[in-house]
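Here is upload-v9.cif, consisting of mmCIF, C-alpha atoms, pLDDT in the B column; chains and numbers go by the auth columns:
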```cif
data_target
#
loop_
_atom_site.group_PDB
_atom_site.id
_atom_site.type_symbol
_atom_site.label_atom_id
_atom_site.label_comp_id
_atom_site.label_asym_id
_atom_site.label_seq_id
_atom_site.Cartn_x
_atom_site.Cartn_y
_atom_site.Cartn_z
_atom_site.B_iso_or_equiv
_atom_site.auth_seq_id
_atom_site.auth_asym_id
ATOM 1 C CA MET A 1 -16.560 2.250 14.355 67.00 201 A
ATOM 2 C CA ASP A 2 -14.565 0.038 11.974 94.00 202 A
ATOM 3 C CA LEU A 3 -11.886 -1.893 13.816 97.00 203 A
ATOM 4 C CA LEU A 4 -9.420 -4.043 11.920 98.00 204 A
ATOM 5 C CA VAL A 5 -8.034 -6.279 14.653 98.00 205 A
ATOM 6 C CA PRO A 6 -4.839 -8.287 14.259 98.00 206 A
ATOM 7 C CA TYR A 7 -5.128 -10.436 17.397 97.00 207 A
ATOM 8 C CA TYR A 8 -2.233 -12.881 17.470 97.00 208 A
ATOM 9 C CA GLU A 9 -3.064 -15.004 20.502 96.00 209 A
ATOM 10 C CA HIS A 10 -4.130 -18.645 20.597 97.00 210 A
ATOM 11 C CA PRO A 11 -7.829 -19.146 21.412 97.00 211 A
ATOM 12 C CA ALA A 12 -7.045 -21.954 23.873 96.00 212 A
ATOM 13 C CA LEU A 13 -4.814 -19.599 25.881 96.00 213 A
ATOM 14 C CA ARG A 14 -7.016 -16.487 25.715 95.00 214 A
ATOM 15 C CA PRO A 15 -10.620 -17.712 25.426 96.00 215 A
ATOM 16 C CA ALA A 16 -12.119 -14.729 27.266 95.00 216 A
ATOM 17 C CA GLU A 17 -10.406 -12.259 24.958 96.00 217 A
ATOM 18 C CA TRP A 18 -11.642 -14.113 21.875 97.00 218 A
ATOM 19 C CA ASP A 19 -15.149 -14.128 23.378 97.00 219 A
ATOM 20 C CA ALA A 20 -14.900 -10.338 23.802 96.00 220 A
ATOM 21 C CA LEU A 21 -13.727 -9.958 20.228 96.00 221 A
ATOM 22 C CA ILE A 22 -16.631 -11.991 18.857 97.00 222 A
ATOM 23 C CA ALA A 23 -19.101 -10.130 21.086 96.00 223 A
ATOM 24 C CA ALA A 24 -17.849 -6.857 19.563 96.00 224 A
ATOM 25 C CA ALA A 25 -18.805 -7.982 16.037 97.00 225 A
ATOM 26 C CA PRO A 26 -20.787 -4.799 15.191 96.00 226 A
ATOM 27 C CA LEU A 27 -17.634 -2.708 15.748 96.00 227 A
ATOM 28 C CA LEU A 28 -15.399 -4.787 13.515 97.00 228 A
ATOM 29 C CA TYR A 29 -14.229 -4.305 9.944 98.00 229 A
ATOM 30 C CA GLY A 30 -12.484 -7.650 10.256 98.00 230 A
ATOM 31 C CA VAL A 31 -10.217 -9.868 12.335 98.00 231 A
ATOM 32 C CA VAL A 32 -6.824 -11.080 11.139 98.00 232 A
ATOM 33 C CA LEU A 33 -6.490 -14.802 11.805 98.00 233 A
ATOM 34 C CA ASN A 34 -2.871 -15.862 12.296 98.00 234 A
ATOM 35 C CA PRO A 35 -2.532 -19.441 13.574 97.00 235 A
ATOM 36 C CA ALA A 36 1.186 -19.910 12.818 96.00 236 A
ATOM 37 C CA SER A 37 2.655 -16.797 11.151 95.00 237 A
ATOM 38 C CA GLY A 38 0.330 -17.852 8.356 96.00 238 A
ATOM 39 C CA ALA A 39 -2.046 -20.774 7.973 97.00 239 A
ATOM 40 C CA GLY A 40 0.441 -23.308 9.329 96.00 240 A
ATOM 41 C CA ASP A 41 1.079 -26.877 8.204 96.00 241 A
ATOM 42 C CA ALA A 42 -2.199 -28.355 9.471 97.00 242 A
ATOM 43 C CA PRO A 43 -5.565 -27.016 10.638 98.00 243 A
ATOM 44 C CA ASP A 44 -5.645 -25.850 14.267 98.00 244 A
ATOM 45 C CA PRO A 45 -9.024 -26.892 15.757 98.00 245 A
ATOM 46 C CA ALA A 46 -9.153 -23.926 18.146 98.00 246 A
ATOM 47 C CA PHE A 47 -8.722 -21.469 15.290 98.00 247 A
ATOM 48 C CA VAL A 48 -11.271 -23.367 13.201 98.00 248 A
ATOM 49 C CA THR A 49 -13.786 -22.848 16.009 98.00 249 A
ATOM 50 C CA VAL A 50 -13.148 -19.117 16.467 98.00 250 A
ATOM 51 C CA ALA A 51 -13.198 -18.571 12.710 98.00 251 A
ATOM 52 C CA ASP A 52 -16.598 -20.272 12.546 98.00 252 A
ATOM 53 C CA ARG A 53 -17.850 -18.126 15.412 98.00 253 A
ATOM 54 C CA LEU A 54 -16.558 -14.923 13.829 98.00 254 A
ATOM 55 C CA ARG A 55 -18.233 -15.674 10.519 98.00 255 A
ATOM 56 C CA ALA A 56 -21.479 -16.624 12.276 98.00 256 A
ATOM 57 C CA ALA A 57 -21.368 -13.198 13.959 98.00 257 A
ATOM 58 C CA GLY A 58 -20.963 -11.532 10.561 97.00 258 A
ATOM 59 C CA VAL A 59 -17.273 -10.688 10.926 98.00 259 A
ATOM 60 C CA CYS A 60 -14.883 -10.828 7.980 98.00 260 A
ATOM 61 C CA VAL A 61 -12.099 -13.346 8.672 98.00 261 A
ATOM 62 C CA LEU A 62 -8.821 -12.238 7.091 98.00 262 A
ATOM 63 C CA GLY A 63 -6.174 -14.941 6.715 98.00 263 A
ATOM 64 C CA TYR A 64 -2.694 -13.674 7.613 98.00 264 A
ATOM 65 C CA THR A 65 -0.062 -14.278 4.935 98.00 265 A
ATOM 66 C CA ASP A 66 3.501 -12.979 5.030 98.00 266 A
ATOM 67 C CA THR A 67 4.851 -11.783 1.667 98.00 267 A
ATOM 68 C CA ASP A 68 8.348 -10.805 2.903 97.00 268 A
ATOM 69 C CA TYR A 69 8.379 -7.495 1.014 97.00 269 A
ATOM 70 C CA GLY A 70 8.016 -9.191 -2.358 97.00 270 A
ATOM 71 C CA ARG A 71 10.654 -11.853 -1.721 97.00 271 A
ATOM 72 C CA ARG A 72 8.363 -14.749 -0.841 97.00 272 A
ATOM 73 C CA PRO A 73 7.543 -16.871 -3.906 97.00 273 A
ATOM 74 C CA HIS A 74 4.098 -16.460 -5.438 96.00 274 A
ATOM 75 C CA ALA A 75 3.365 -20.185 -5.041 97.00 275 A
ATOM 76 C CA ASP A 76 4.076 -20.108 -1.292 97.00 276 A
ATOM 77 C CA VAL A 77 1.810 -17.112 -0.764 97.00 277 A
ATOM 78 C CA LEU A 78 -0.931 -18.801 -2.777 97.00 278 A
ATOM 79 C CA LYS A 79 -0.582 -21.990 -0.702 97.00 279 A
ATOM 80 C CA ASP A 80 -1.175 -19.961 2.469 97.00 280 A
ATOM 81 C CA LEU A 81 -4.198 -18.240 0.940 97.00 281 A
ATOM 82 C CA VAL A 82 -5.780 -21.541 -0.087 97.00 282 A
ATOM 83 C CA ARG A 83 -5.115 -23.114 3.302 98.00 283 A
ATOM 84 C CA HIS A 84 -6.753 -20.173 5.076 98.00 284 A
ATOM 85 C CA ARG A 85 -9.789 -20.637 2.839 97.00 285 A
ATOM 86 C CA ASP A 86 -9.995 -24.416 3.102 98.00 286 A
ATOM 87 C CA TRP A 87 -9.128 -24.829 6.783 98.00 287 A
ATOM 88 C CA TYR A 88 -10.583 -21.695 8.368 98.00 288 A
ATOM 89 C CA GLY A 89 -13.167 -20.505 5.869 98.00 289 A
ATOM 90 C CA ALA A 90 -11.359 -17.183 5.528 97.00 290 A
ATOM 91 C CA ASP A 91 -13.344 -14.802 3.346 96.00 291 A
ATOM 92 C CA GLY A 92 -10.564 -12.215 3.230 98.00 292 A
ATOM 93 C CA ALA A 93 -6.774 -11.975 3.024 98.00 293 A
ATOM 94 C CA PHE A 94 -4.301 -9.858 4.992 98.00 294 A
ATOM 95 C CA LEU A 95 -1.032 -9.701 3.075 98.00 295 A
ATOM 96 C CA ASP A 96 1.698 -8.595 5.468 98.00 296 A
ATOM 97 C CA GLN A 97 5.117 -7.032 4.852 98.00 297 A
ATOM 98 C CA VAL A 98 4.174 -5.362 1.592 98.00 298 A
ATOM 99 C CA PRO A 99 6.738 -2.890 0.211 98.00 299 A
ATOM 100 C CA THR A 100 5.939 0.708 -0.672 98.00 300 A
ATOM 101 C CA GLU A 101 8.060 1.027 -3.825 97.00 301 A
ATOM 102 C CA PRO A 102 6.309 1.126 -7.219 97.00 302 A
ATOM 103 C CA HIS A 103 8.433 -1.556 -8.909 96.00 303 A
ATOM 104 C CA PHE A 104 6.693 -4.240 -6.815 97.00 304 A
ATOM 105 C CA VAL A 105 3.198 -3.248 -7.942 98.00 305 A
ATOM 106 C CA GLU A 106 2.892 -5.847 -10.699 97.00 306 A
ATOM 107 C CA HIS A 107 3.941 -8.625 -8.307 97.00 307 A
ATOM 108 C CA TYR A 108 1.200 -7.601 -5.884 98.00 308 A
ATOM 109 C CA ARG A 109 -1.308 -7.205 -8.681 98.00 309 A
ATOM 110 C CA ARG A 110 -0.770 -10.886 -9.477 98.00 310 A
ATOM 111 C CA LEU A 111 -1.021 -11.802 -5.796 98.00 311 A
ATOM 112 C CA GLY A 112 -4.253 -9.839 -5.548 97.00 312 A
ATOM 113 C CA VAL A 113 -5.738 -11.723 -8.485 97.00 313 A
ATOM 114 C CA ALA A 114 -4.680 -15.004 -6.838 96.00 314 A
ATOM 115 C CA ALA A 115 -6.215 -13.954 -3.514 97.00 315 A
ATOM 116 C CA ARG A 116 -9.512 -13.078 -5.183 97.00 316 A
ATOM 117 C CA ALA A 117 -9.478 -16.392 -7.051 95.00 317 A
ATOM 118 C CA ALA A 118 -8.906 -18.150 -3.716 93.00 318 A
ATOM 119 C CA GLY A 119 -12.092 -16.583 -2.341 94.00 319 A
ATOM 120 C CA ALA A 120 -10.887 -13.365 -0.710 97.00 320 A
ATOM 121 C CA ALA A 121 -13.819 -10.968 -0.943 97.00 321 A
ATOM 122 C CA THR A 122 -11.783 -8.474 1.120 98.00 322 A
ATOM 123 C CA LEU A 123 -8.100 -7.870 0.469 98.00 323 A
ATOM 124 C CA VAL A 124 -5.848 -5.863 2.803 98.00 324 A
ATOM 125 C CA LEU A 125 -2.239 -4.931 2.014 98.00 325 A
ATOM 126 C CA ASN A 126 -0.124 -4.092 5.056 98.00 326 A
ATOM 127 C CA HIS A 127 2.620 -1.709 3.967 98.00 327 A
ATOM 128 C CA GLY A 128 3.088 -0.267 7.441 98.00 328 A
ATOM 129 C CA ALA A 129 4.041 3.040 5.807 98.00 329 A
ATOM 130 C CA HIS A 130 2.578 5.233 3.102 96.00 330 A
ATOM 131 C CA PRO A 131 2.923 3.410 -0.257 98.00 331 A
ATOM 132 C CA HIS A 132 3.137 4.528 -3.848 97.00 332 A
ATOM 133 C CA PRO A 133 -0.354 5.458 -5.163 97.00 333 A
ATOM 134 C CA ALA A 134 -0.232 2.632 -7.727 98.00 334 A
ATOM 135 C CA TYR A 135 -1.044 0.151 -4.949 98.00 335 A
ATOM 136 C CA ALA A 136 -4.420 1.739 -4.209 97.00 336 A
ATOM 137 C CA PRO A 137 -6.432 -0.078 -6.926 97.00 337 A
ATOM 138 C CA LEU A 138 -5.068 -3.485 -5.905 98.00 338 A
ATOM 139 C CA ALA A 139 -6.877 -3.935 -2.584 98.00 339 A
ATOM 140 C CA ASP A 140 -9.873 -2.882 -0.543 98.00 340 A
ATOM 141 C CA LEU A 141 -7.683 -1.475 2.219 98.00 341 A
ATOM 142 C CA LEU A 142 -4.064 -0.342 2.537 98.00 342 A
ATOM 143 C CA VAL A 143 -2.417 -0.237 5.964 98.00 343 A
ATOM 144 C CA THR A 144 -0.398 2.947 5.573 98.00 344 A
ATOM 145 C CA PHE A 145 0.895 3.082 9.143 98.00 345 A
ATOM 146 C CA GLU A 146 1.862 0.399 11.642 98.00 346 A
ATOM 147 C CA GLY A 147 3.895 1.487 14.610 98.00 347 A
ATOM 148 C CA PRO A 148 3.924 2.968 18.117 98.00 348 A
ATOM 149 C CA TRP A 149 1.772 5.837 19.317 98.00 349 A
ATOM 150 C CA ASP A 150 4.757 8.082 20.066 97.00 350 A
ATOM 151 C CA THR A 151 5.695 7.959 16.375 98.00 351 A
ATOM 152 C CA TYR A 152 2.125 8.189 15.107 98.00 352 A
ATOM 153 C CA ARG A 153 1.165 11.293 17.053 96.00 353 A
ATOM 154 C CA ALA A 154 4.130 13.192 15.607 96.00 354 A
ATOM 155 C CA LEU A 155 3.113 12.518 11.995 95.00 355 A
ATOM 156 C CA ASP A 156 0.636 14.229 9.715 93.00 356 A
ATOM 157 C CA LEU A 157 -0.377 11.269 7.551 95.00 357 A
ATOM 158 C CA PRO A 158 -2.696 11.329 4.548 94.00 358 A
ATOM 159 C CA VAL A 159 -6.185 9.995 5.267 95.00 359 A
ATOM 160 C CA ALA A 160 -8.555 8.229 2.879 96.00 360 A
ATOM 161 C CA ASP A 161 -11.399 5.743 3.185 95.00 361 A
ATOM 162 C CA HIS A 162 -9.175 2.956 1.876 97.00 362 A
ATOM 163 C CA TYR A 163 -6.347 3.653 4.349 98.00 363 A
ATOM 164 C CA CYS A 164 -5.952 1.996 7.740 98.00 364 A
ATOM 165 C CA HIS A 165 -3.662 2.866 10.656 98.00 365 A
ATOM 166 C CA LEU A 166 -2.548 0.228 13.175 98.00 366 A
ATOM 167 C CA VAL A 167 -1.134 1.817 16.313 98.00 367 A
ATOM 168 C CA TYR A 168 0.334 0.109 19.351 98.00 368 A
ATOM 169 C CA ALA A 169 1.568 1.265 22.748 98.00 369 A
ATOM 170 C CA ALA A 170 -1.391 3.651 22.570 98.00 370 A
ATOM 171 C CA PRO A 171 -3.228 5.295 25.476 97.00 371 A
ATOM 172 C CA PRO A 172 -6.991 4.809 25.865 95.00 372 A
ATOM 173 C CA ASP A 173 -7.700 8.281 24.462 95.00 373 A
ATOM 174 C CA ALA A 174 -5.489 7.858 21.386 96.00 374 A
ATOM 175 C CA ARG A 175 -7.127 9.401 18.333 95.00 375 A
ATOM 176 C CA VAL A 176 -6.488 7.451 15.135 97.00 376 A
ATOM 177 C CA THR A 177 -7.495 9.456 12.090 96.00 377 A
ATOM 178 C CA THR A 178 -8.524 6.756 9.594 97.00 378 A
ATOM 179 C CA ARG A 179 -12.030 5.297 9.426 96.00 379 A
ATOM 180 C CA VAL A 180 -10.687 1.742 9.637 98.00 380 A
ATOM 181 C CA ARG A 181 -8.176 1.530 12.455 97.00 381 A
ATOM 182 C CA CYS A 182 -6.880 -0.236 15.520 97.00 382 A
ATOM 183 C CA ALA A 183 -5.113 1.120 18.608 97.00 383 A
ATOM 184 C CA VAL A 184 -3.923 -1.301 21.283 97.00 384 A
ATOM 185 C CA PRO A 185 -2.135 -0.816 24.605 96.00 385 A
ATOM 186 C CA GLY A 186 0.472 -3.519 23.989 96.00 386 A
ATOM 187 C CA GLY A 187 4.004 -2.737 22.929 95.00 387 A
ATOM 188 C CA GLY A 188 7.376 -4.380 22.613 92.00 388 A
ATOM 189 C CA ALA A 189 7.955 -7.372 20.368 91.00 389 A
ATOM 190 C CA HIS A 190 4.357 -8.619 20.504 94.00 390 A
ATOM 191 C CA PRO A 191 1.943 -5.661 20.531 96.00 391 A
ATOM 192 C CA TRP A 192 -0.836 -7.545 18.744 97.00 392 A
ATOM 193 C CA GLY A 193 -1.371 -9.799 21.728 96.00 393 A
ATOM 194 C CA THR A 194 -3.664 -7.159 23.242 96.00 394 A
ATOM 195 C CA LEU A 195 -7.159 -6.110 22.245 96.00 395 A
ATOM 196 C CA PRO A 196 -8.008 -2.586 21.078 96.00 396 A
ATOM 197 C CA HIS A 197 -9.076 -0.186 23.807 86.00 397 A
ATOM 198 C CA PRO A 198 -12.819 -0.101 22.935 83.00 398 A
ATOM 199 C CA LEU A 199 -13.017 -3.883 23.312 85.00 399 A
ATOM 200 C CA GLU A 200 -11.157 -3.864 26.612 71.00 400 A
ATOM 201 C CA ARG A 201 -13.859 -1.587 28.022 54.00 401 A
ATOM 202 C CA THR A 202 -16.789 -3.747 26.847 47.00 402 A
#
```
Would you write out, as structure tokens, the structure that this file holds?
Amino acid sequence: MDLLVPYYEHPALRPAEWDALIAAAPLLYGVVLNPASGAGDAPDPAFVTVADRLRAAGVCVLGYTDTDYGRRPHADVLKDLVRHRDWYGADGAFLDQVPTEPHFVEHYRRLGVAARAAGAATLVLNHGAHPHPAYAPLADLLVTFEGPWDTYRALDLPVADHYCHLVYAAPPDARVTTRVRCAVPGGGAHPWGTLPHPLERT
């Protein structure tokens, strides 16, 4: 099983859940670290500790960086990437709010080069929907669906090894078709404050 887990809860508030996540290391493709809708303005000691523990367990730590669908300046994105590397030892990058249209491809090609230069061995682009094929060579993984289970189960989405589906408000028996995936029970405005079903049962 390859779980890509965006878990957006503070380690000081949910220590048991972070312990469960780290204990599930063999099941994980990676964990998205998101201290402050990005790296924040200063290192957070609690996130430094969990990042160290994740890496010690062999888990890829992906630093969350918002790109605002191509509107956020390159320099601001790069600053987040470098802070994730320097403060949390992130060895991957999770670029969020990536558009699907082809005319943004060159912008994200440059961001991908910057992420690699900043030490991201693994690069994930979160489109949330199926993107233009030109994005495929830019990253290791494309999130081609992010949304609720009721929407997901009604779709017949393309599947490939470099695609990932992130599904929330999902039942325990939800079947997600991509190899790398995550299905969580949480919904509403903050679905990624819950762990995926397999981890909740461990």
Quick one: what's the axis-aligned box for region 387-391 of chain A, all listed atoms, 4 Å on every side, centre and edges in Å to one decimal, as lines of an AutoDock Vina configuration file?
```
center_x = 4.9
center_y = -5.7
center_z = 21.6
size_x = 14.0
size_y = 13.9
size_z = 10.6
```
Picked residues, the PyMOL selection byres ((chain A and resi 237-240) around 6), as a tab-separated table (two decimals) with C-alpha atoms, keeping the file's coordinate frame:
```tsv
chain	number	residue	atom	x	y	z
A	234	ASN	CA	-2.87	-15.86	12.30
A	235	PRO	CA	-2.53	-19.44	13.57
A	236	ALA	CA	1.19	-19.91	12.82
A	241	ASP	CA	1.08	-26.88	8.20
A	242	ALA	CA	-2.20	-28.36	9.47
A	264	TYR	CA	-2.69	-13.67	7.61
A	265	THR	CA	-0.06	-14.28	4.93
A	280	ASP	CA	-1.18	-19.96	2.47
A	284	HIS	CA	-6.75	-20.17	5.08
```
Q | Best match for closeness to Arg253 (chain A) among A:Ile222, A:Val313, A:Val367, A:Leu357, counting only C-alpha atoms | A |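 Under the stated criterion, the closest residue is A:Ile222.
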**Q.** Expansion of the PyMOL selection byres ((chain A and resi 292) around 7) into residues, as an MDAnalysis selection string
**A.** chainID A and resid 260:263 290:291 293:294 320:323
Q: Can you give me, as a ChimeraX atom specification, the residues this file yields under the PyMOL selection byres ((chain A and resi 394) around 10)?
A: /A:205-209,217,368-369,383-387,390-393,395-397,399-400
Q: Record the distance separating CA of Tyr363 (chain A) and CA of Ala257 (chain A), expressed in Å with one decimal.
A: 24.5 Å
**Q.** Atomic separation - CA of Val277 (chain A) relative to CA of Leu311 (chain A), Å
**A.**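 CA of Leu311 (chain A) sits 7.8 Å away from CA of Val277 (chain A).
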What's the 10 Å shell around Gly312 (chain A), counting all atoms listed in the file, without same-chain residues fewer than 5 positions away, as an mmCIF file with C-alpha atoms, keeping the file's coordinate frame?
```
data_model
loop_
_atom_site.group_PDB
_atom_site.id
_atom_site.type_symbol
_atom_site.label_atom_id
_atom_site.label_comp_id
_atom_site.auth_asym_id
_atom_site.auth_seq_id
_atom_site.Cartn_x
_atom_site.Cartn_y
_atom_site.Cartn_z
ATOM 1 C CA LEU A 278 -0.931 -18.801 -2.777
ATOM 2 C CA ALA A 293 -6.774 -11.975 3.024
ATOM 3 C CA LEU A 295 -1.032 -9.701 3.075
ATOM 4 C CA GLU A 306 2.892 -5.847 -10.699
ATOM 5 C CA HIS A 307 3.941 -8.625 -8.307
ATOM 6 C CA ALA A 317 -9.478 -16.392 -7.051
ATOM 7 C CA ALA A 318 -8.906 -18.150 -3.716
ATOM 8 C CA ALA A 320 -10.887 -13.365 -0.710
ATOM 9 C CA LEU A 323 -8.100 -7.870 0.469
ATOM 10 C CA VAL A 324 -5.848 -5.863 2.803
ATOM 11 C CA LEU A 325 -2.239 -4.931 2.014
ATOM 12 C CA LEU A 338 -5.068 -3.485 -5.905
ATOM 13 C CA ALA A 339 -6.877 -3.935 -2.584
#
```
Q: Figure out the distance between CA of Asn326 (chain A) and CA of Tyr269 (chain A), please, to one decimal in Å.
A: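 Spanning CA of Tyr269 (chain A) to CA of Asn326 (chain A) is a straight-line distance of 10.0 Å.
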Q. Counting all atoms listed in the file, which of A:Val376, A:Cys382, A:Ala389, A:Leu342 gets nearest to Pro299 (chain A)?
A.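 For Pro299 (chain A), the nearest of the candidates is A:Leu342.
Of the residues under consideration (A:Leu254, A:Arg283, A:Arg379, A:Pro358), A:Leu254 shows the shortest atom-to-atom contact distance to Leu221 (chain A) when counting only C-alpha atoms.
The closest residue to Arg353 (chain A), picked from A:Leu213, A:Arg375, A:Asp266, A:Leu366 and counting all atoms listed in the file, is A:Arg375.
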Q) Pick the closest to Pro226 (chain A) from A:Pro273, A:Pro348, A:Gly258, A:Gly388: which is it, counting all atoms listed in the file? A)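 Nearest candidate to Pro226 (chain A) out of A:Pro273, A:Pro348, A:Gly258, A:Gly388: A:Gly258.
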As a CSV table (one decimal), keeping the file's coordinate frame, the rebuilt region 262-290 of chain A with N, CA and C atoms:
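In the end it all went to rebuild-v6.csv:
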```csv
chain,number,residue,atom,x,y,z
A,262,LEU,N,-9.9,-12.5,8.0
A,262,LEU,CA,-8.8,-12.2,7.1
A,262,LEU,C,-7.7,-13.2,7.4
A,263,GLY,N,-7.3,-14.0,6.5
A,263,GLY,CA,-6.2,-14.9,6.7
A,263,GLY,C,-4.8,-14.2,6.6
A,264,TYR,N,-4.0,-14.3,7.6
A,264,TYR,CA,-2.7,-13.7,7.6
A,264,TYR,C,-1.7,-14.4,6.7
A,265,THR,N,-1.1,-13.7,5.8
A,265,THR,CA,-0.1,-14.3,4.9
A,265,THR,C,1.1,-13.3,4.8
A,266,ASP,N,2.3,-13.8,5.1
A,266,ASP,CA,3.5,-13.0,5.0
A,266,ASP,C,4.0,-13.0,3.6
A,267,THR,N,4.3,-11.8,3.0
A,267,THR,CA,4.9,-11.8,1.7
A,267,THR,C,6.3,-11.4,1.6
A,268,ASP,N,6.9,-11.1,2.8
A,268,ASP,CA,8.3,-10.8,2.9
A,268,ASP,C,8.8,-9.7,1.9
A,269,TYR,N,8.0,-8.7,1.8
A,269,TYR,CA,8.4,-7.5,1.0
A,269,TYR,C,8.7,-7.9,-0.4
A,270,GLY,N,7.9,-8.8,-1.0
A,270,GLY,CA,8.0,-9.2,-2.4
A,270,GLY,C,9.0,-10.3,-2.6
A,271,ARG,N,9.7,-10.8,-1.5
A,271,ARG,CA,10.7,-11.9,-1.7
A,271,ARG,C,10.1,-13.3,-1.6
A,272,ARG,N,8.9,-13.4,-1.0
A,272,ARG,CA,8.4,-14.7,-0.8
A,272,ARG,C,7.8,-15.2,-2.2
A,273,PRO,N,8.0,-16.4,-2.6
A,273,PRO,CA,7.5,-16.9,-3.9
A,273,PRO,C,6.0,-16.9,-4.0
A,274,HIS,N,5.5,-16.5,-5.2
A,274,HIS,CA,4.1,-16.5,-5.4
A,274,HIS,C,3.4,-17.8,-5.0
A,275,ALA,N,4.0,-18.9,-5.3
A,275,ALA,CA,3.4,-20.2,-5.0
A,275,ALA,C,3.2,-20.4,-3.5
A,276,ASP,N,4.2,-19.9,-2.7
A,276,ASP,CA,4.1,-20.1,-1.3
A,276,ASP,C,3.0,-19.2,-0.7
A,277,VAL,N,2.9,-18.0,-1.2
A,277,VAL,CA,1.8,-17.1,-0.8
A,277,VAL,C,0.5,-17.7,-1.1
A,278,LEU,N,0.3,-18.2,-2.3
A,278,LEU,CA,-0.9,-18.8,-2.8
A,278,LEU,C,-1.3,-20.0,-1.9
A,279,LYS,N,-0.3,-20.8,-1.5
A,279,LYS,CA,-0.6,-22.0,-0.7
A,279,LYS,C,-1.2,-21.6,0.6
A,280,ASP,N,-0.6,-20.5,1.2
A,280,ASP,CA,-1.2,-20.0,2.5
A,280,ASP,C,-2.6,-19.5,2.3
A,281,LEU,N,-2.9,-18.8,1.2
A,281,LEU,CA,-4.2,-18.2,0.9
A,281,LEU,C,-5.2,-19.4,0.8
A,282,VAL,N,-4.9,-20.4,0.1
A,282,VAL,CA,-5.8,-21.5,-0.1
A,282,VAL,C,-6.0,-22.3,1.2
A,283,ARG,N,-4.9,-22.4,2.0
A,283,ARG,CA,-5.1,-23.1,3.3
A,283,ARG,C,-6.0,-22.3,4.2
A,284,HIS,N,-5.9,-21.0,4.3
A,284,HIS,CA,-6.8,-20.2,5.1
A,284,HIS,C,-8.2,-20.4,4.6
A,285,ARG,N,-8.4,-20.4,3.4
A,285,ARG,CA,-9.8,-20.6,2.8
A,285,ARG,C,-10.3,-22.0,3.2
A,286,ASP,N,-9.5,-23.0,2.9
A,286,ASP,CA,-10.0,-24.4,3.1
A,286,ASP,C,-10.1,-24.8,4.6
A,287,TRP,N,-9.2,-24.4,5.4
A,287,TRP,CA,-9.1,-24.8,6.8
A,287,TRP,C,-9.9,-23.9,7.7
A,288,TYR,N,-10.0,-22.6,7.4
A,288,TYR,CA,-10.6,-21.7,8.4
A,288,TYR,C,-11.8,-20.9,7.8
A,289,GLY,N,-12.1,-21.2,6.5
A,289,GLY,CA,-13.2,-20.5,5.9
A,289,GLY,C,-12.9,-19.0,5.7
A,290,ALA,N,-11.7,-18.6,5.6
A,290,ALA,CA,-11.4,-17.2,5.5
A,290,ALA,C,-12.0,-16.6,4.3
```
